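Here the structure is laid out as structure tokens; the discussion comes afterwards.
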Amino acid sequence: MRSILSIAFLPVVLCAAPALQVVRPVISQMEGGTPDNPGFEHVPGETLYFSCRIDGYFKSPEAKIHLTYSVQAFDPKGVPLTELYKNEIVEEVSPQDKGWQPKIETEVAIPPLVGSGAYKIVVKVEDVMGKASQELAVPFKVRGHEVADSDTLVVRNFRFFRNEDDAQALAKASYKPGDGVWAKFDITGYKFGEGNKIDVSYVTSVIAPSGKVLWTQPEPAAEQSDSFYPKRYVAASFGITLQPNIKPGEYTIAVAVKDAVGNQTHEAKGTFTIE
């Protein structure tokens with residue numbers, strides 16, 4: 001009799017090393033705080049606290065790791081909000097540290113005059129010894145003051161208030177003799193110089209119903225500054241106190257704006273009523 005020898009060939013399973021990953025991203029309103037809820041809207045001028053972990057990194061036979069990383073935030077148009085933050089992690093990982101995930105944490109400052117929209121924090125990680133790289137975009141939302149873009153110098157959102165610190169503009173710009181009158185408006189469409197430099201100035205005048213100029217600002221108000229993130233608009237304001245004997249009627253606040261960098265000028269007007 002012939003004996004039949006049955007040989008079972010079992011597949012050989014090769015376990016690949018885990019891929020480099022950026023995991024557990026957290027955006028919070030305070031250092032070490034709880035993650036923001038989905039859809040939470042941040043505001044201009046706020047500081048975000050960001051952290052994440054790195055997994056799947058290469059460990060040398062000497063139990064060492066070497067990771068480099070960068071973090072940078074971007075607006076909805078892909079313009080960076082702040083300078084690139086870079087750092088590295090060089091550590092020796094002991095057997096007791098099995099499963100340890102290196103942590104990245106930094107602050108992200110939102111510029112004070114950004115618009116509303118979907119923003120993102122981009123994290124890029126390079127595993128120097130493992131010769132691998134990975135990146136992750138972490139979205140967040142901002143609710144800002146709306147100022148429509150313009151290719152040329154212009155005044156937007158001319159509105160009136162009773163007091164300088166009022167948040168809500170008057171639905172009807174109507175005042176009485178002796179009242180305080182505050183006008184606020186946004187200047188945009190100016191050009192930028194080197195380093196996002198701007199040089200914007202404006203002069204306001206008060207014009208009576210007859211067309212007579214009652215008062216003109218003696219010196220221009222000016223905004224001369226530069227910044228890493230281009231300033232979208234200049235928030236301007238003007239306040240007067242009405243004389244007790246001023247006559248009723250429709251008055252005008254005229255604004256003459258100058259953009260020294262772009263060599264542009266613009267005039268705008270807002271009207272209010274004295275009853």
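In the structure tokens, each chain is lettered A, B, ... as it comes, each chain's residues begin at 1, and ligands are numbered from 1 in order of appearance.
Omitting region 91-100 of chain A and its sequence neighbours fewer than 4 positions away, and counting only C-alpha atoms, the residues within 6 Å are Ala63, Lys64 and Ile65 of chain A.
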Residues of region 199-262 of chain A at most 6 Å from region 177-193 of chain A: nearest atom pair and distance in Å, only C-alpha atoms, as a Markdown table:
| residue | atom | partner | partner_atom | distance |
| --- | --- | --- | --- | --- |
| A:Tyr233 | CA | A:Thr188 | CA | 4.6 |
| A:Val234 | CA | A:Ile187 | CA | 5.0 |
| A:Ala235 | CA | A:Asp186 | CA | 4.8 |
| A:Ala236 | CA | A:Phe185 | CA | 5.4 |
| A:Ser237 | CA | A:Lys184 | CA | 4.2 |
| A:Phe238 | CA | A:Ala183 | CA | 5.2 |
| A:Gly239 | CA | A:Trp182 | CA | 4.3 |
| A:Ile240 | CA | A:Val181 | CA | 5.3 |
| A:Thr241 | CA | A:Gly180 | CA | 4.3 |
| A:Leu242 | CA | A:Gly178 | CA | 4.6 |
| A:Gln243 | CA | A:Gly178 | CA | 5.1 |
| A:Pro244 | CA | A:Gly178 | CA | 4.5 |
| A:Ile246 | CA | A:Pro177 | CA | 5.9 |
| A:Asp259 | CA | A:Tyr190 | CA | 5.9 |
| A:Val261 | CA | A:Lys191 | CA | 6.0 |
| A:Gly262 | CA | A:Lys191 | CA | 4.9 |
Exercise. Which residue out of A:Ser133, A:Asn37, A:Gln72, A:Ser28 has the minimum interatomic distance to Tyr57 (chain A) when only C-alpha atoms are used?
Worked result: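 The shortest atom-to-atom distance to Tyr57 (chain A) comes from A:Ser133.
Proximity of A:Ile274, A:Leu113, A:Leu214, A:Ala208 to Thr252 (chain A), computed with only C-alpha atoms, is greatest for A:Ala208.
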Tell me, counting only C-alpha atoms, for each residue of region 139-231 of chain A within 12 Å of region 19-27 of chain A, which pair of atoms is nearest and how far apart they are in Å to one decimal, in rows ordered by chain and increasing number, as a tab-separated table.
residue	atom	partner	partner_atom	distance
A:Pro139	CA	A:Ile27	CA	9.2
A:Phe140	CA	A:Ile27	CA	8.1
A:Lys141	CA	A:Ile27	CA	11.0
How would the residues just chosen look if you wrote them out with N, CA and C atoms as a tab-separated table (two decimals), in the first residue's frame?
chain	number	residue	atom	x	y	z
A	139	PRO	N	-10.45	71.27	11.06
A	139	PRO	CA	-11.28	72.45	10.78
A	139	PRO	C	-11.81	73.12	12.05
A	140	PHE	N	-12.05	74.43	11.95
A	140	PHE	CA	-12.76	75.17	12.99
A	140	PHE	C	-13.47	76.34	12.34
A	141	LYS	N	-14.47	76.87	13.02
A	141	LYS	CA	-15.28	77.95	12.46
A	141	LYS	C	-15.04	79.26	13.20
Exercise. Counting only C-alpha atoms, what is within 12 Å of Thr106 (chain A), bar same-chain residues fewer than 2 positions away, as an NGL selection string?
Worked result: :A and (25-28 or 30-32 or 47-52 or 69-73 or 84-87 or 103-104 or 108-109 or 121 or 123)
Exercise. If we count only C-alpha atoms, what is near Thr68 (chain A) at a cut-off of 8 Å, once residues fewer than 6 positions away on the same chain are taken out, given as a PyMOL selection string?
Worked result: chain A and resi 86-89+125-128
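Taking CA of Thr82 (chain A) and CA of Ser227 (chain A) as the two end points, the separation is 9.6 Å.
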For this session: Would you return as a ChimeraX atom specification the members of region 135-264 of chain A that DSSP assigns to strand (DSSP E) on this structure's backbone?
Result: /A:135-142,154-161,174-175,180-188,198-207,213-216,221-225,234-241,249-259,264
Problem set entry | For CA of Ser116 (chain A) and CA of Glu135 (chain A), the interatomic separation in Å (one decimal) |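 Separation of CA of Ser116 (chain A) and CA of Glu135 (chain A): 24.9 Å.
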Exercise. When you draw a straight line from CA of Val257 (chain A) to CA of Gly117 (chain A), how long is it in Å?
Worked result: 28.5 Å
Problem set entry | Selection near Lys197 (chain A), 8 Å with only C-alpha atoms, sequence-local residues under 6 positions removed, as a ChimeraX atom specification | /A:224-227
Within 10 Å of Pro218 (chain A), counting only C-alpha atoms, which residues qualify if same-chain residues fewer than 5 places away don't, as a compact mmCIF listing (two decimals) with C-alpha atoms, in the first residue's frame?
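File result.txt, as written:
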# COMPACT_ATOMS: atom_id res chain seq x y z
CA VAL A 203 -11.39 113.29 7.79
CA THR A 204 -15.02 113.72 8.88
CA SER A 205 -17.27 116.76 8.48
